[in-house]
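Chemist: See model_30.cif below, with mmCIF, C-alpha atoms.
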```cif
data_my_file
#
loop_
_atom_site.label_atom_id
_atom_site.label_comp_id
_atom_site.auth_asym_id
_atom_site.auth_seq_id
_atom_site.Cartn_x
_atom_site.Cartn_y
_atom_site.Cartn_z
CA ALA W 754 -111.00 16.74 -130.94
CA GLY W 755 -114.54 17.61 -129.93
CA HIS W 756 -116.35 20.87 -129.28
CA ARG W 757 -118.04 21.23 -125.89
CA GLU W 758 -119.94 23.79 -123.88
CA GLY W 759 -120.07 24.09 -120.11
CA GLY W 760 -117.61 23.30 -117.34
CA GLU W 761 -115.51 20.19 -116.88
CA GLY W 762 -116.30 17.44 -114.40
CA GLY W 763 -115.25 17.56 -110.74
CA GLY W 764 -111.72 16.87 -109.61
CA ALA W 765 -112.47 13.90 -107.32
CA ALA W 766 -110.87 10.69 -108.56
CA GLY W 767 -114.14 8.78 -108.22
CA ALA W 768 -115.92 11.28 -110.46
CA GLU W 769 -113.35 11.36 -113.26
CA GLY W 770 -114.91 8.53 -115.25
CA SER W 771 -118.38 10.02 -115.00
CA ALA W 772 -117.12 13.48 -115.96
CA HIS W 773 -115.28 12.05 -118.98
CA ALA W 774 -118.42 10.17 -120.05
CA ASN W 775 -120.49 13.33 -119.77
CA GLU W 776 -117.96 15.29 -121.86
CA ARG W 777 -118.16 12.69 -124.60
CA LEU W 778 -121.96 12.65 -124.40
CA ASN W 779 -122.07 16.43 -124.85
CA GLU W 780 -119.45 16.55 -127.60
CA ARG W 781 -120.48 18.56 -130.65
CA LEU W 782 -119.30 17.34 -134.01
CA ASN W 783 -118.27 19.10 -137.15
CA VAL W 784 -120.74 18.38 -139.95
CA LEU W 785 -119.96 17.95 -143.63
CA VAL W 786 -122.84 17.57 -146.09
CA LEU W 787 -121.89 16.13 -149.47
CA MET W 788 -124.92 16.67 -151.70
CA LEU W 789 -125.10 14.63 -154.91
CA ASP W 790 -127.83 16.32 -156.90
CA ALA W 791 -130.36 14.12 -158.72
CA THR W 792 -128.96 10.81 -157.50
CA SER W 793 -131.07 7.85 -156.43
CA ARG W 794 -129.77 5.32 -153.92
CA SER W 795 -129.74 2.65 -156.63
CA HIS W 796 -127.97 4.81 -159.21
CA LEU W 797 -125.29 5.74 -156.68
CA GLY W 798 -124.68 2.05 -156.03
CA ARG W 799 -124.46 1.28 -159.74
CA MET W 800 -122.17 4.13 -160.73
CA VAL W 801 -120.04 4.78 -157.64
CA PRO W 802 -119.53 1.33 -156.04
CA ARG W 803 -116.07 2.23 -154.72
CA LEU W 804 -117.69 4.88 -152.52
CA PHE W 805 -119.51 2.14 -150.63
CA ASP W 806 -116.35 0.04 -150.57
CA ALA W 807 -114.41 2.97 -149.08
CA LEU W 808 -117.04 3.67 -146.42
CA ASN W 809 -117.32 0.01 -145.47
CA GLU W 810 -113.53 -0.28 -145.32
CA LEU W 811 -113.36 2.71 -142.98
CA GLN W 812 -116.04 1.12 -140.82
CA ARG W 813 -114.28 -2.26 -140.75
CA GLY W 814 -111.04 -0.52 -139.82
CA GLY W 815 -112.72 0.88 -136.72
CA GLY W 816 -113.47 4.38 -135.56
CA LEU W 817 -116.45 5.04 -137.85
CA ARG W 818 -120.08 3.93 -137.87
CA LEU W 819 -122.16 4.00 -141.06
CA TYR W 820 -125.94 4.26 -141.53
CA ASP W 821 -127.79 3.80 -144.84
CA PHE W 822 -131.32 5.27 -144.87
CA ARG W 823 -133.23 3.35 -147.53
CA GLY W 824 -136.57 4.87 -146.51
CA TYR W 825 -135.52 8.42 -147.42
CA SER W 826 -138.28 9.97 -149.58
CA ILE W 827 -138.73 13.13 -151.61
CA VAL W 828 -141.42 15.73 -150.85
CA GLY W 829 -141.31 17.47 -154.25
CA TYR W 830 -140.25 16.93 -157.83
CA ASN W 831 -137.02 18.93 -158.12
CA SER W 832 -134.43 20.68 -155.98
CA MET W 833 -136.14 23.59 -154.24
CA PRO W 834 -139.17 21.70 -152.84
CA ASN W 835 -136.71 19.29 -151.21
CA MET W 836 -133.96 21.77 -150.32
CA ALA W 837 -136.28 24.23 -148.55
CA PRO W 838 -137.15 21.71 -145.80
CA PHE W 839 -133.52 20.60 -145.69
CA LEU W 840 -132.12 24.10 -145.16
CA VAL W 841 -134.85 25.88 -143.20
CA GLY W 842 -137.31 23.21 -142.07
CA SER W 843 -140.20 24.73 -144.05
CA ASP W 844 -141.77 23.80 -147.34
CA ALA W 845 -141.04 25.97 -150.35
CA ALA W 846 -144.34 27.88 -150.12
CA ASP W 847 -143.85 28.73 -146.44
CA LEU W 848 -140.26 29.76 -147.15
CA ALA W 849 -141.34 32.08 -149.96
CA ALA W 850 -143.97 33.62 -147.69
CA ALA W 851 -141.42 34.18 -144.92
CA LEU W 852 -138.96 35.81 -147.29
CA SER W 853 -141.62 38.08 -148.76
CA SER W 854 -142.92 39.14 -145.34
CA ALA W 855 -141.95 42.32 -143.54
CA ALA W 856 -139.24 40.43 -141.68
CA LYS W 857 -137.88 38.96 -144.94
CA GLU W 858 -136.09 36.29 -142.98
CA ALA W 859 -136.06 32.55 -142.51
CA PRO W 860 -133.70 30.80 -140.08
CA THR W 861 -131.28 28.52 -141.91
CA ILE W 862 -129.26 25.54 -140.81
CA TRP W 863 -126.11 27.67 -141.15
CA ALA W 864 -127.49 30.00 -138.48
CA ASP W 865 -127.99 27.04 -136.13
CA PHE W 866 -124.36 26.00 -136.46
CA LYS W 867 -123.01 29.56 -136.31
CA ARG W 868 -124.84 30.12 -133.01
CA HIS W 869 -122.86 27.20 -131.64
CA GLY W 870 -119.45 28.37 -132.78
CA ALA W 871 -119.09 26.82 -136.23
CA ARG W 872 -117.49 28.34 -139.31
CA THR W 873 -119.69 27.54 -142.30
CA PHE W 874 -119.55 27.41 -146.09
CA LEU W 875 -121.80 26.70 -149.06
CA LEU W 876 -120.28 25.51 -152.33
CA GLU W 877 -122.83 24.61 -154.96
CA GLU W 878 -122.28 24.09 -158.66
CA ILE W 879 -124.36 26.64 -160.55
CA HIS W 880 -124.76 25.35 -164.08
CA ASP W 881 -127.25 27.89 -165.44
CA GLY W 882 -125.59 31.20 -164.60
CA CYS W 883 -126.51 33.95 -162.14
CA ALA W 884 -128.72 36.24 -164.24
CA ASP W 885 -131.70 35.14 -162.14
CA LEU W 886 -130.25 36.13 -158.74
CA ALA W 887 -133.03 38.64 -158.18
CA GLN W 888 -135.80 36.27 -159.21
CA GLY W 889 -137.95 34.26 -156.84
CA GLY W 890 -138.23 31.07 -158.85
CA THR W 891 -134.63 29.97 -159.17
CA SER W 892 -133.92 26.26 -158.65
CA SER W 893 -130.65 26.85 -156.79
CA ALA W 894 -130.57 27.17 -153.01
CA SER W 895 -127.45 29.32 -153.26
CA LYS W 896 -129.07 31.81 -155.58
CA TYR W 897 -132.38 31.69 -153.73
CA PHE W 898 -130.84 32.84 -150.45
CA HIS W 899 -128.45 35.32 -152.04
CA GLY W 900 -129.59 38.80 -151.07
CA ARG W 901 -132.47 37.39 -149.01
CA ALA W 902 -130.72 35.99 -145.95
CA SER W 903 -129.22 38.25 -143.32
CA ALA W 904 -125.58 37.85 -142.35
CA ALA W 905 -126.69 35.73 -139.39
CA ASN W 906 -128.52 33.30 -141.67
CA ALA W 907 -125.98 33.22 -144.49
CA PRO W 908 -122.95 30.92 -144.52
CA ASP W 909 -119.65 32.52 -143.55
CA HIS W 910 -118.12 31.58 -146.91
CA ALA W 911 -119.95 31.47 -150.26
CA PRO W 912 -117.45 30.15 -152.82
CA TRP W 913 -120.35 29.12 -155.09
CA GLN W 914 -120.24 32.70 -156.44
CA ILE W 915 -117.29 31.71 -158.64
CA PHE W 916 -119.97 30.31 -160.97
CA CYS W 917 -121.25 33.87 -161.51
CA GLN W 918 -117.99 34.87 -163.21
CA PRO W 919 -118.25 35.43 -166.99
CA GLU W 920 -115.38 33.01 -167.63
CA LEU W 921 -117.66 30.15 -166.57
CA ARG W 922 -120.27 30.42 -169.28
CA PRO W 923 -123.56 28.85 -168.23
CA CYS W 924 -125.43 26.09 -169.94
CA CYS W 925 -127.65 25.46 -171.69
CA ASP W 926 -127.70 27.94 -174.58
CA ASP W 927 -123.94 28.09 -175.01
CA PRO W 928 -122.64 25.01 -176.90
CA ALA W 929 -119.10 25.70 -175.63
CA SER W 930 -120.07 25.75 -171.95
CA ILE W 931 -118.36 23.11 -169.83
CA LEU W 932 -121.52 23.07 -167.70
CA ARG W 933 -123.72 21.57 -170.42
CA PRO W 934 -125.34 18.28 -169.35
CA GLY W 935 -123.58 15.24 -170.73
CA ARG W 936 -120.17 16.87 -171.12
CA ARG W 937 -117.09 16.04 -169.10
CA GLN W 938 -116.58 19.15 -166.98
CA CYS W 939 -112.90 20.08 -166.82
CA ILE W 940 -111.00 23.20 -165.76
CA GLY W 941 -107.27 23.17 -166.36
CA GLY W 942 -107.41 19.45 -167.10
CA VAL W 943 -109.05 18.72 -163.73
CA ASP W 944 -112.68 17.64 -163.32
CA LEU W 945 -114.93 20.29 -161.84
CA HIS W 946 -116.04 18.05 -158.99
CA ALA W 947 -112.38 17.51 -158.04
CA HIS W 948 -111.93 21.28 -157.63
CA LEU W 949 -114.99 21.42 -155.35
CA LEU W 950 -113.83 18.45 -153.29
CA ASP W 951 -110.38 20.00 -152.99
CA TYR W 952 -111.87 23.23 -151.61
CA THR W 953 -113.78 21.16 -149.06
CA ARG W 954 -110.66 19.27 -148.03
CA ARG W 955 -108.66 22.47 -147.68
CA PHE W 956 -111.43 24.09 -145.64
CA TRP W 957 -111.29 21.22 -143.16
CA GLU W 958 -107.49 21.13 -143.09
CA GLY W 959 -107.11 24.90 -142.96
CA HIS W 960 -108.80 25.38 -139.60
CA PRO W 961 -107.36 24.37 -136.23
CA PRO W 962 -108.99 21.28 -134.64
CA GLN W 963 -110.64 23.39 -131.93
CA GLN W 964 -112.58 25.42 -134.54
CA ARG W 965 -115.95 23.84 -135.19
CA LEU W 966 -116.92 23.50 -138.88
CA MET W 967 -120.02 22.97 -140.98
CA GLY W 968 -120.01 22.83 -144.77
CA LEU W 969 -122.33 21.92 -147.63
CA VAL W 970 -120.93 21.08 -151.07
CA ASN W 971 -123.37 20.24 -153.85
CA LEU W 972 -122.09 18.31 -156.88
CA MET W 973 -124.21 18.39 -160.05
CA THR W 974 -122.32 15.52 -161.66
CA ALA W 975 -125.45 13.36 -162.08
CA HIS W 976 -127.56 16.21 -163.44
CA GLU W 977 -127.41 15.15 -167.10
CA HIS W 978 -129.52 13.24 -169.58
CA PHE W 979 -127.56 10.04 -170.18
CA MET W 980 -127.10 8.67 -166.63
CA THR W 981 -123.39 7.99 -167.16
CA ARG W 982 -121.43 10.97 -165.85
CA LEU W 983 -121.93 10.11 -162.17
CA GLY W 984 -119.45 7.28 -162.62
CA ILE W 985 -116.50 9.70 -162.79
CA LEU W 986 -116.90 10.25 -159.03
CA ASP W 987 -115.85 6.65 -158.47
CA SER W 988 -112.21 7.64 -158.90
CA ASP W 989 -112.21 10.73 -156.68
CA LEU W 990 -114.65 10.16 -153.82
CA PRO W 991 -112.79 7.24 -152.19
CA PRO W 992 -109.43 9.09 -151.89
CA PHE W 993 -111.32 12.20 -150.73
CA LEU W 994 -112.85 10.16 -147.89
CA GLN W 995 -109.52 8.53 -147.11
CA GLY W 996 -107.95 11.96 -146.86
CA LEU W 997 -110.53 12.96 -144.26
CA ALA W 998 -110.56 9.60 -142.51
CA HIS W 999 -108.86 10.88 -139.35
CA ARG W 1000 -111.52 13.59 -139.01
CA LEU W 1001 -114.40 11.23 -139.82
CA ARG W 1002 -113.14 8.94 -137.06
CA SER W 1003 -112.59 11.70 -134.52
CA ASP W 1004 -114.75 14.79 -134.85
CA THR W 1005 -116.82 14.97 -138.06
CA ALA W 1006 -120.26 13.70 -139.08
CA LEU W 1007 -120.60 13.13 -142.83
CA LEU W 1008 -123.91 13.17 -144.71
CA ILE W 1009 -123.81 11.87 -148.29
CA ILE W 1010 -127.25 12.79 -149.52
CA SER W 1011 -129.27 13.77 -152.56
CA ASP W 1012 -132.17 16.17 -152.89
CA HIS W 1013 -134.05 13.78 -155.17
CA GLY W 1014 -133.41 10.78 -157.37
CA THR W 1015 -132.74 10.69 -161.09
CA HIS W 1016 -135.31 12.75 -162.98
CA GLY W 1017 -136.03 14.43 -166.29
CA VAL W 1018 -134.54 11.60 -168.38
CA TRP W 1019 -135.75 8.67 -170.45
CA TYR W 1020 -135.44 6.37 -167.43
CA ASN W 1021 -138.38 8.08 -165.76
CA ASP W 1022 -140.71 6.87 -168.50
CA PHE W 1023 -140.58 3.47 -166.81
CA ALA W 1024 -141.92 2.44 -163.41
CA ILE W 1025 -138.46 1.62 -162.08
CA GLY W 1026 -137.20 5.08 -163.07
CA GLN W 1027 -140.17 6.75 -161.39
CA ALA W 1028 -139.46 4.75 -158.24
CA GLU W 1029 -135.79 5.75 -158.25
CA HIS W 1030 -136.74 9.42 -158.60
CA ARG W 1031 -138.65 9.05 -155.32
CA GLN W 1032 -135.79 7.36 -153.44
CA PRO W 1033 -132.71 9.59 -153.21
CA ALA W 1034 -129.49 8.49 -151.56
CA PHE W 1035 -128.78 9.20 -147.90
CA LEU W 1036 -125.79 7.84 -145.99
CA LEU W 1037 -124.56 9.08 -142.62
CA SER W 1038 -121.24 8.35 -140.93
CA LEU W 1039 -120.40 9.21 -137.33
CA PRO W 1040 -117.24 8.76 -135.29
CA GLU W 1041 -117.64 5.40 -133.58
CA ARG W 1042 -116.79 6.79 -130.17
CA PHE W 1043 -119.56 9.38 -130.55
CA ALA W 1044 -122.07 6.65 -131.43
CA ALA W 1045 -120.83 4.45 -128.58
CA ALA W 1046 -121.16 7.34 -126.11
CA ASN W 1047 -124.76 7.83 -127.22
CA PRO W 1048 -126.22 4.28 -127.43
CA ALA W 1049 -129.86 5.39 -127.48
CA GLY W 1050 -129.21 7.65 -130.47
CA ASP W 1051 -127.18 4.95 -132.21
CA GLY W 1052 -130.01 2.45 -131.74
CA ALA W 1053 -132.56 4.88 -133.13
CA LEU W 1054 -130.37 5.60 -136.16
CA ARG W 1055 -130.06 1.87 -136.85
CA ARG W 1056 -133.82 1.34 -136.65
CA ASN W 1057 -134.63 4.47 -138.66
CA GLN W 1058 -132.61 3.15 -141.60
CA ALA W 1059 -135.69 1.15 -142.62
CA ARG W 1060 -138.32 3.80 -141.81
CA ARG W 1061 -139.90 6.56 -143.85
CA LEU W 1062 -138.10 9.90 -143.53
CA THR W 1063 -137.73 13.12 -145.49
CA SER W 1064 -135.66 16.28 -145.68
CA PHE W 1065 -137.81 17.68 -142.85
CA ASP W 1066 -136.31 15.01 -140.59
CA VAL W 1067 -132.81 15.62 -141.96
CA HIS W 1068 -133.16 19.29 -141.04
CA ALA W 1069 -134.22 18.36 -137.50
CA THR W 1070 -131.23 16.01 -137.30
CA LEU W 1071 -128.86 18.78 -138.38
CA GLN W 1072 -130.41 21.09 -135.78
CA HIS W 1073 -129.84 18.36 -133.19
CA LEU W 1074 -126.20 17.99 -134.20
CA ALA W 1075 -125.73 21.77 -134.17
CA ALA W 1076 -126.98 22.14 -130.58
CA TRP W 1077 -126.03 18.67 -129.31
CA PRO W 1078 -127.34 17.23 -127.05
CA THR W 1079 -130.31 19.64 -127.11
CA MET W 1080 -132.93 18.21 -129.46
CA PRO W 1081 -135.47 20.26 -131.44
CA ARG W 1082 -139.09 19.58 -130.55
CA PRO W 1083 -140.24 16.53 -132.56
CA SER W 1084 -143.38 16.54 -134.69
CA LEU W 1085 -145.15 14.18 -137.05
CA GLU W 1086 -143.34 15.74 -140.00
CA ALA W 1087 -139.92 16.54 -138.53
CA THR W 1088 -138.05 14.46 -135.97
CA SER W 1089 -134.35 14.07 -135.33
CA LEU W 1090 -133.14 10.68 -136.50
CA PHE W 1091 -131.42 10.23 -133.13
CA VAL W 1092 -134.86 9.25 -131.78
CA ASP W 1093 -137.20 6.59 -133.14
CA LEU W 1094 -139.52 7.42 -136.00
CA SER W 1095 -142.78 5.54 -136.10
CA PRO W 1096 -142.40 2.24 -137.98
CA ASN W 1097 -145.93 2.83 -139.32
CA ARG W 1098 -145.41 6.44 -140.38
CA THR W 1099 -147.59 7.26 -143.38
CA CYS W 1100 -146.71 9.44 -146.34
CA GLU W 1101 -149.32 11.94 -145.18
CA GLN W 1102 -147.76 12.17 -141.72
CA ALA W 1103 -144.30 12.66 -143.27
CA ARG W 1104 -145.66 15.30 -145.71
CA VAL W 1105 -144.84 13.16 -148.73
CA PRO W 1106 -147.37 14.01 -151.48
CA ALA W 1107 -149.38 11.03 -152.66
CA LYS W 1108 -147.85 11.16 -156.16
CA PHE W 1109 -144.37 10.68 -154.65
CA CYS W 1110 -145.35 8.12 -152.00
CA ILE W 1111 -143.55 4.80 -152.14
CA GLU W 1112 -143.76 1.76 -149.88
CA VAL W 1113 -141.03 1.49 -147.26
#
```
Would you write the structure of this file as structure tokens?

Modeler:
Amino acid sequence: AGHREGGEGGGAAGAEGSAHANERLNERLNVLVLMLDATSRSHLGRMVPRLFDALNELQRGGGLRLYDFRGYSIVGYNSMPNMAPFLVGSDAADLAAALSSAAKEAPTIWADFKRHGARTFLLEEIHDGCADLAQGGTSSASKYFHGRASAANAPDHAPWQIFCQPELRPCCDDPASILRPGRRQCIGGVDLHAHLLDYTRRFWEGHPPQQRLMGLVNLMTAHEHFMTRLGILDSDLPPFLQGLAHRLRSDTALLIISDHGTHGVWYNDFAIGQAEHRQPAFLLSLPERFAAANPAGDGALRRNQARRLTSFDVHATLQHLAAWPTMPRPSLEATSLFVDLSPNRTCEQARVPAKFCIEV
């Protein structure tokens, strides 16, 4: 159920075991990124405890290995300063400069996966409409890259554009909009997030196992002012994971991650709320046989759970998974998590601004 490049091992009986081991070492996984916008690690644990139960149950049942990165830090206040490093490996200013240059191009993580045979998609909830598609200051990664990225750098499928349809009236000036913060978001009696998760499930199920896949779905469920709506995911995320369990155990890496923690609400007036804003959630699951076939990477992932890391490192990790086992060149600010980060890495070295620095 893996995706490999290169020839198979030799036919001699004595070499079969070594050849099989090398195939497993060079196996390239599908990658699914489940982005939970504006969700701290602590808030995710409070509001969606069954998610952790489901992941731990899958791990106890065998076939899956789970990593929880508690040192994951933000590099900016809101989405774009954190999503730019995640998607292209550059900060927002460098990305804007690249897109305004003569080349008007910036390599994206979708391009990395497409070069290695993956079919890709981006599905992001757009709650504020699409009137600003031509503007440079939009907060949405989907809208930011629309019209700026070449076909090579764009995802193969962009179902997020459904949010540009007039039937889905944007917040926040329209009192009747289902996308207003604090409202239960339903379409046809079904929660909006359930529609997005169903698309993701069908994308995975709708391709043959030999087709490599990479997808990013961004849920805005937590992006509201009362810190309560995130809890509705507790009913739908566990069965979603159970439905993909056979893929998570065989051929798919899953990142459950946030761009930043809870922000823009009353909670941030207190020190604990400010700390949670700086500590977004980041969980990674890998097929156990993939982790077992790569013990050095597994060991580094385990140790890096307690070390300072940012979306720059997540981007390098995605690049590593895209081209596995070829690793992007490490740097102070961006290193694949399959190798050890420094246990003494400072905020400055990780490009975490001083105002967002937190002890790890």

Chemist: Neighbours of W:Arg1056 within 12 Å (only C-alpha atoms; same-chain residues fewer than 3 positions away dropped), as an MDAnalysis selection string?

Modeler: chainID W and resid 820:824 1049:1053 1059:1062 1090:1096

Chemist: What would the selection look like, as a list in words, if the PyMOL selection byres ((chain W and resi 1097-1106) around 9) were run on the coordinates I just shared?

Modeler: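 Output of the PyMOL selection byres ((chain W and resi 1097-1106) around 9): Ser826, Ile827, Val828, Gly829, Arg1060, Arg1061, Leu1062, Thr1063, Phe1065, Asp1066, Leu1085, Glu1086, Ala1087, Leu1094, Ser1095, Pro1096, Ala1107, Lys1108, Phe1109, Cys1110, Ile1111 and Glu1112 of chain W.
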
Chemist: Using all atoms listed in the file, pick whichever of W:Ser1003, W:Asn1047, W:Thr1070, W:Gln812 has the shortest atom-to-atom distance to W:Ile862.

Modeler: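 Closest residue, counting all atoms listed in the file: W:Thr1070.
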
Chemist: Nearest to W:Leu990 among W:Glu958, W:Asp1012, W:Glu977, W:Asp806, with distances taken over all atoms listed in the file: which residue is it?

Modeler: W:Asp806

Chemist: From the set W:Ser832, W:Ala904, W:Leu986, W:Thr974, which residue has the shortest atom-to-atom contact distance to W:Asp844, counting only C-alpha atoms?

Modeler: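 Distance minimum relative to W:Asp844 lands on W:Ser832.
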
Chemist: What does the PyMOL selection byres ((chain W and resi 789) around 10) select in this file, as a short mmCIF file (atom, residue, chain, number, x, y, z; two decimals) with C-alpha atoms, keeping the file's coordinate frame?

Modeler:
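In the end it all went to part.cif:
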```cif
data_model
loop_
_atom_site.label_atom_id
_atom_site.label_comp_id
_atom_site.auth_asym_id
_atom_site.auth_seq_id
_atom_site.Cartn_x
_atom_site.Cartn_y
_atom_site.Cartn_z
CA VAL W 786 -122.84 17.57 -146.09
CA LEU W 787 -121.89 16.13 -149.47
CA MET W 788 -124.92 16.67 -151.70
CA ASP W 790 -127.83 16.32 -156.90
CA ALA W 791 -130.36 14.12 -158.72
CA THR W 792 -128.96 10.81 -157.50
CA SER W 793 -131.07 7.85 -156.43
CA LEU W 797 -125.29 5.74 -156.68
CA VAL W 970 -120.93 21.08 -151.07
CA ASN W 971 -123.37 20.24 -153.85
CA LEU W 972 -122.09 18.31 -156.88
CA MET W 973 -124.21 18.39 -160.05
CA THR W 974 -122.32 15.52 -161.66
CA ALA W 975 -125.45 13.36 -162.08
CA HIS W 976 -127.56 16.21 -163.44
CA LEU W 983 -121.93 10.11 -162.17
CA ILE W 1009 -123.81 11.87 -148.29
CA ILE W 1010 -127.25 12.79 -149.52
CA SER W 1011 -129.27 13.77 -152.56
CA ASP W 1012 -132.17 16.17 -152.89
CA HIS W 1013 -134.05 13.78 -155.17
CA GLY W 1014 -133.41 10.78 -157.37
CA PRO W 1033 -132.71 9.59 -153.21
CA ALA W 1034 -129.49 8.49 -151.56
CA PHE W 1035 -128.78 9.20 -147.90
#
```

Chemist: Give as a VMD selection string the residues that the PyMOL selection byres ((chain W and resi 957) around 10) matches when applied to the coordinates above.

Modeler: chain W and resid 783 785 951 to 956 958 to 962 964 to 968 997 1000 1005

Chemist: Restricting the calculation to all atoms listed in the file, which member of W:Ala1069, W:Leu950, W:Ala905, W:Ile879 is positioned closest to W:Arg933?

Modeler: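 Counting all atoms listed in the file, the residue closest to W:Arg933 is W:Ile879.
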
Chemist: Step by step: start from the point (-138.0, 20.3, -134.8) in the file's coordinates, keep every protein, DNA or RNA residue that has an atom no farther than 8 Å from it, count all atoms listed in the file, and write the set as a ChimeraX atom specification.

Modeler: /W:842,1068-1069,1072,1080-1084,1087-1089

Chemist: Quick one: write out the picked residues with C-alpha atoms as a short mmCIF file (atom, residue, chain, number, x, y, z; two decimals), in the frame of the given file?

Modeler:
```
data_model
loop_
_atom_site.label_atom_id
_atom_site.label_comp_id
_atom_site.auth_asym_id
_atom_site.auth_seq_id
_atom_site.Cartn_x
_atom_site.Cartn_y
_atom_site.Cartn_z
CA GLY W 842 -137.31 23.21 -142.07
CA HIS W 1068 -133.16 19.29 -141.04
CA ALA W 1069 -134.22 18.36 -137.50
CA GLN W 1072 -130.41 21.09 -135.78
CA MET W 1080 -132.93 18.21 -129.46
CA PRO W 1081 -135.47 20.26 -131.44
CA ARG W 1082 -139.09 19.58 -130.55
CA PRO W 1083 -140.24 16.53 -132.56
CA SER W 1084 -143.38 16.54 -134.69
CA ALA W 1087 -139.92 16.54 -138.53
CA THR W 1088 -138.05 14.46 -135.97
CA SER W 1089 -134.35 14.07 -135.33
#
```

Chemist: Kindly indicate which residue among W:Leu817, W:Ala907, W:Leu840, W:Leu808 lies nearest to W:Ser1064, using all atoms listed in the file for the distances.

Modeler: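 Looking only at the distances to W:Ser1064, the closest residue turns out to be W:Leu840.
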
Chemist: So, with only C-alpha atoms as the atoms that count, which of W:Ala911, W:Met833, W:Leu932, W:Ile940 lies closest to W:Ala894?

Modeler: W:Met833
